[in-house]
Amino acid sequence: MSTGGSTYQDIAESCVTSAGFDIEPANVEYRGLPLHKSITVNGKGAMGVMVSNRAMHDLLDCPVCMTSMYPPINQCPNGHTLCQSCKAQVNNICPICRQELGNIRCLALEKIAESLELPCKYNFLGCEGIFSYHSRLRHEQSCRYRSYDCPYAGAECPVTGDIMFLVKHLKDDHNVDMHDGSTFNHRYVKANPHEVENATWMLTVFNCFNHQFCLHFEAFHIGMAPVYMAFLRFMGDDHDAKKFSYSLEVGGHGRKLTWQGVPRSIRDSHITVRDSLDGLCIQRSMALFFSGGDRKELKLKVAGRIWKEQL
């Protein structure tokens, strides 16, 4: 690494050990792919100082949050840089030299950033794209290899990760049942069906066709009308979700209600799927009819099947 790169590493280390601000570093980006461009300083050709693309990338890492800086890149009077969001968190004081930051921008570093080509930070998950510095950020916001939010519907879980990590997380931390197979039967029982409060359950994760699917059951209101709804979500990207179909069926007393559709990707939250009514919807009066008896207890049996479409 060039002298400039080493100096930056010393500065970053000093910041972490002595700055004293209660700011947790964000996730460090993975940089596993070889980078392509280099910059020749002072026009000296092979004898000149060659600053690698990776070294420039390191220079563009904010020493506070350790993520890439995008314009405006702030600079203190002594030349230390940090990103815009961290400037507010450190109360406009340089975390390295304690000088007031003011409104100085590091235009040279912003200009250098325009010359870089960088891998997507999700390259270790399979993304092979190489992007200019500014287009990289836009790409990463919609990259199909980006982490998924936990699909558990019983609470707003903050955990993110890849699919295999989330499957284990659902089993270990949320106690969700796991089932191998593409067909299923579930029973939903409620003692007082005349009290329908907003509630949601993830009943089971199904493992079939080398993929995972989440079965949800929700109780909510459409206006003043109480409704029950069952639907399936695909643990993966929307492109792959469209390769599958599923059916759900509920019935009793010689009648049945059937739904067939395409599972929604867990990129869409369970609230988004529920509010779009993209699933098997059962009005309470119909649910009580299927339950039979004196209608004092709700008993619904939901059967389903998942299959892969022939493309």
# chains A, B, ... in the order shown; residues from 1 in each chain; ligands from 1
call {"tool": "residues_around", "arguments": {"residues": "Gln310 (chain A)", "least_positions_apart": "2", "cutoff": "10 Å", "atoms": "only C-alpha atoms", "output": "VMD selection string"}}
result
chain A and resid 243 to 244 307 to 308
call {"tool": "residues_around", "arguments": {"residues": "Lys87 (chain A)", "least_positions_apart": "2", "cutoff": "12 Å", "atoms": "only C-alpha atoms", "output": "VMD selection string"}}
result
chain A and resid 21 23 62 to 65 69 72 to 76 80 to 85 89 to 95 100 to 105
call {"tool": "closest_residue", "arguments": {"among": "A:Glu297, A:Glu140, A:Asp149, A:Asp172", "to": "Ile266 (chain A)", "atoms": "only C-alpha atoms"}}
result
A:Asp149
call {"tool": "atom_distance", "arguments": {"atom1": "CA of Tyr188 (chain A)", "atom2": "CA of Leu300 (chain A)"}}
result
5.0 Å
call {"tool": "closest_residue", "arguments": {"among": "A:Val189, A:Leu107, A:Thr204, A:Ser68", "to": "Ser291 (chain A)", "atoms": "only C-alpha atoms"}}
result
A:Val189
call {"tool": "atom_distance", "arguments": {"atom1": "CA of Asn123 (chain A)", "atom2": "CA of Ala108 (chain A)"}}
result
28.1 Å
call {"tool": "residues_around", "arguments": {"residues": "Ala230 (chain A)", "least_positions_apart": "2", "cutoff": "8 Å", "atoms": "only C-alpha atoms", "output": "list of chain:residue names"}}
result
A:Leu215, A:His216, A:Phe217, A:Glu218, A:Tyr228, A:Leu232, A:Leu248, A:Gly279, A:Leu280, A:Cys281
call {"tool": "select_by_dssp", "arguments": {"residues": "region 65-203 of chain A", "states": "strand (DSSP E or B)", "output": "JSON, numbers by chain"}}
result
{"A": [68, 74, 75, 81, 82, 93, 100, 105, 117, 118, 119, 130, 131, 132, 148, 149, 160, 161, 177, 178, 179, 180, 183, 184, 185, 186, 187, 188, 189, 190, 199, 200, 201, 202, 203]}
call {"tool": "write_last_selection", "arguments": {"atoms": "N, CA, C and O atoms", "output": "tab-separated table (two decimals), in the first residue's frame"}}
result
chain	number	residue	atom	x	y	z
A	68	SER	N	-18.57	3.70	3.24
A	68	SER	CA	-18.10	4.58	2.18
A	68	SER	C	-18.74	5.96	2.28
A	68	SER	O	-19.94	6.08	2.55
A	74	ASN	N	-17.08	15.77	4.07
A	74	ASN	CA	-16.67	16.88	4.93
A	74	ASN	C	-15.20	16.77	5.33
A	74	ASN	O	-14.64	15.67	5.43
A	75	GLN	N	-14.60	17.92	5.59
A	75	GLN	CA	-13.19	17.98	5.93
A	75	GLN	C	-12.96	19.06	7.00
A	75	GLN	O	-13.53	20.14	6.93
A	81	THR	N	-11.26	13.77	7.16
A	81	THR	CA	-12.55	13.69	6.48
A	81	THR	C	-13.51	12.78	7.22
A	81	THR	O	-13.10	11.88	7.95
A	82	LEU	N	-14.80	13.01	7.00
A	82	LEU	CA	-15.83	12.11	7.49
A	82	LEU	C	-17.11	12.37	6.72
A	82	LEU	O	-17.26	13.40	6.05
A	93	ILE	N	-17.63	18.47	15.46
A	93	ILE	CA	-16.26	18.50	15.96
A	93	ILE	C	-15.49	17.32	15.35
A	93	ILE	O	-15.96	16.18	15.40
A	100	GLU	N	-13.16	22.35	15.02
A	100	GLU	CA	-14.52	22.51	14.50
A	100	GLU	C	-14.51	22.23	13.00
A	100	GLU	O	-13.62	22.69	12.26
A	105	ARG	N	-15.73	21.24	2.30
A	105	ARG	CA	-15.86	19.98	1.56
A	105	ARG	C	-14.52	19.58	0.98
A	105	ARG	O	-13.74	20.43	0.55
A	117	GLU	N	-13.94	2.30	-9.98
A	117	GLU	CA	-14.88	1.22	-10.28
A	117	GLU	C	-14.76	0.21	-9.15
A	117	GLU	O	-13.66	-0.25	-8.84
A	118	LEU	N	-15.90	-0.13	-8.56
A	118	LEU	CA	-15.88	-0.95	-7.35
A	118	LEU	C	-16.87	-2.10	-7.46
A	118	LEU	O	-17.89	-2.00	-8.14
A	119	PRO	N	-16.59	-3.21	-6.77
A	119	PRO	CA	-17.55	-4.32	-6.73
A	119	PRO	C	-18.71	-3.99	-5.81
A	119	PRO	O	-18.60	-3.20	-4.88
A	130	ILE	N	-19.59	-4.77	-11.35
A	130	ILE	CA	-18.59	-3.74	-11.06
A	130	ILE	C	-19.22	-2.41	-11.47
A	130	ILE	O	-19.75	-2.27	-12.58
A	131	PHE	N	-19.15	-1.41	-10.58
A	131	PHE	CA	-19.89	-0.18	-10.80
A	131	PHE	C	-19.02	1.04	-10.54
A	131	PHE	O	-18.05	0.99	-9.78
A	132	SER	N	-19.38	2.14	-11.16
A	132	SER	CA	-18.75	3.40	-10.82
A	132	SER	C	-19.13	3.73	-9.38
A	132	SER	O	-20.11	3.22	-8.83
A	148	TYR	N	-31.91	-10.03	3.44
A	148	TYR	CA	-33.35	-10.04	3.62
A	148	TYR	C	-33.70	-9.69	5.07
A	148	TYR	O	-32.97	-10.01	6.00
A	149	ASP	N	-34.84	-9.03	5.24
A	149	ASP	CA	-35.36	-8.81	6.59
A	149	ASP	C	-35.98	-10.11	7.10
A	149	ASP	O	-36.49	-10.93	6.33
A	160	THR	N	-31.51	-9.26	10.04
A	160	THR	CA	-31.38	-9.41	8.60
A	160	THR	C	-30.31	-10.46	8.30
A	160	THR	O	-29.47	-10.76	9.14
A	161	GLY	N	-30.34	-11.00	7.09
A	161	GLY	CA	-29.34	-11.99	6.72
A	161	GLY	C	-29.71	-12.70	5.44
A	161	GLY	O	-30.71	-12.37	4.79
A	177	ASP	N	-42.32	-23.67	13.37
A	177	ASP	CA	-42.28	-25.07	12.95
A	177	ASP	C	-41.70	-25.19	11.53
A	177	ASP	O	-42.01	-24.38	10.66
A	178	MET	N	-40.88	-26.22	11.33
A	178	MET	CA	-40.30	-26.51	10.03
A	178	MET	C	-40.93	-27.79	9.48
A	178	MET	O	-41.13	-28.75	10.22
A	179	HIS	N	-41.22	-27.79	8.20
A	179	HIS	CA	-41.89	-28.94	7.59
A	179	HIS	C	-41.28	-29.20	6.23
A	179	HIS	O	-41.15	-28.29	5.40
A	180	ASP	N	-40.91	-30.46	5.97
A	180	ASP	CA	-40.42	-30.87	4.65
A	180	ASP	C	-41.59	-31.40	3.84
A	180	ASP	O	-42.32	-32.30	4.29
A	183	THR	N	-47.13	-30.29	0.51
A	183	THR	CA	-48.55	-30.29	0.86
A	183	THR	C	-48.68	-30.16	2.37
A	183	THR	O	-47.79	-30.56	3.13
A	184	PHE	N	-49.80	-29.60	2.83
A	184	PHE	CA	-49.95	-29.35	4.26
A	184	PHE	C	-51.41	-29.22	4.64
A	184	PHE	O	-52.28	-28.93	3.82
A	185	ASN	N	-51.67	-29.43	5.93
A	185	ASN	CA	-52.98	-29.20	6.55
A	185	ASN	C	-52.76	-28.51	7.90
A	185	ASN	O	-51.95	-28.98	8.70
A	186	HIS	N	-53.46	-27.42	8.13
A	186	HIS	CA	-53.35	-26.71	9.41
A	186	HIS	C	-54.73	-26.41	9.95
A	186	HIS	O	-55.67	-26.13	9.20
A	187	ARG	N	-54.83	-26.42	11.28
A	187	ARG	CA	-56.10	-26.09	11.93
A	187	ARG	C	-55.92	-24.81	12.73
A	187	ARG	O	-54.91	-24.61	13.39
A	188	TYR	N	-56.92	-23.94	12.63
A	188	TYR	CA	-56.93	-22.71	13.41
A	188	TYR	C	-58.19	-22.76	14.29
A	188	TYR	O	-59.31	-22.89	13.80
A	189	VAL	N	-58.00	-22.65	15.60
A	189	VAL	CA	-59.10	-22.73	16.56
A	189	VAL	C	-59.10	-21.47	17.42
A	189	VAL	O	-58.06	-21.06	17.93
A	190	LYS	N	-60.27	-20.86	17.57
A	190	LYS	CA	-60.42	-19.69	18.44
A	190	LYS	C	-61.69	-19.86	19.27
A	190	LYS	O	-62.77	-20.14	18.74
A	199	ALA	N	-54.37	-9.72	14.58
A	199	ALA	CA	-53.38	-10.70	15.03
A	199	ALA	C	-52.77	-11.38	13.82
A	199	ALA	O	-53.38	-11.45	12.75
A	200	THR	N	-51.56	-11.87	14.00
A	200	THR	CA	-50.87	-12.53	12.90
A	200	THR	C	-50.03	-13.67	13.44
A	200	THR	O	-49.49	-13.60	14.54
A	201	TRP	N	-49.93	-14.72	12.65
A	201	TRP	CA	-49.14	-15.87	13.04
A	201	TRP	C	-48.37	-16.37	11.82
A	201	TRP	O	-48.89	-16.38	10.71
A	202	MET	N	-47.13	-16.78	12.03
A	202	MET	CA	-46.42	-17.56	11.02
A	202	MET	C	-46.50	-19.01	11.49
A	202	MET	O	-45.87	-19.38	12.48
A	203	LEU	N	-47.29	-19.79	10.82
A	203	LEU	CA	-47.55	-21.14	11.30
A	203	LEU	C	-46.39	-22.08	11.03
A	203	LEU	O	-45.99	-22.85	11.90
call {"tool": "closest_residue", "arguments": {"among": "A:Val159, A:Cys143, A:Tyr133, A:Val176", "to": "Ile112 (chain A)", "atoms": "only C-alpha atoms"}}
result
A:Tyr133
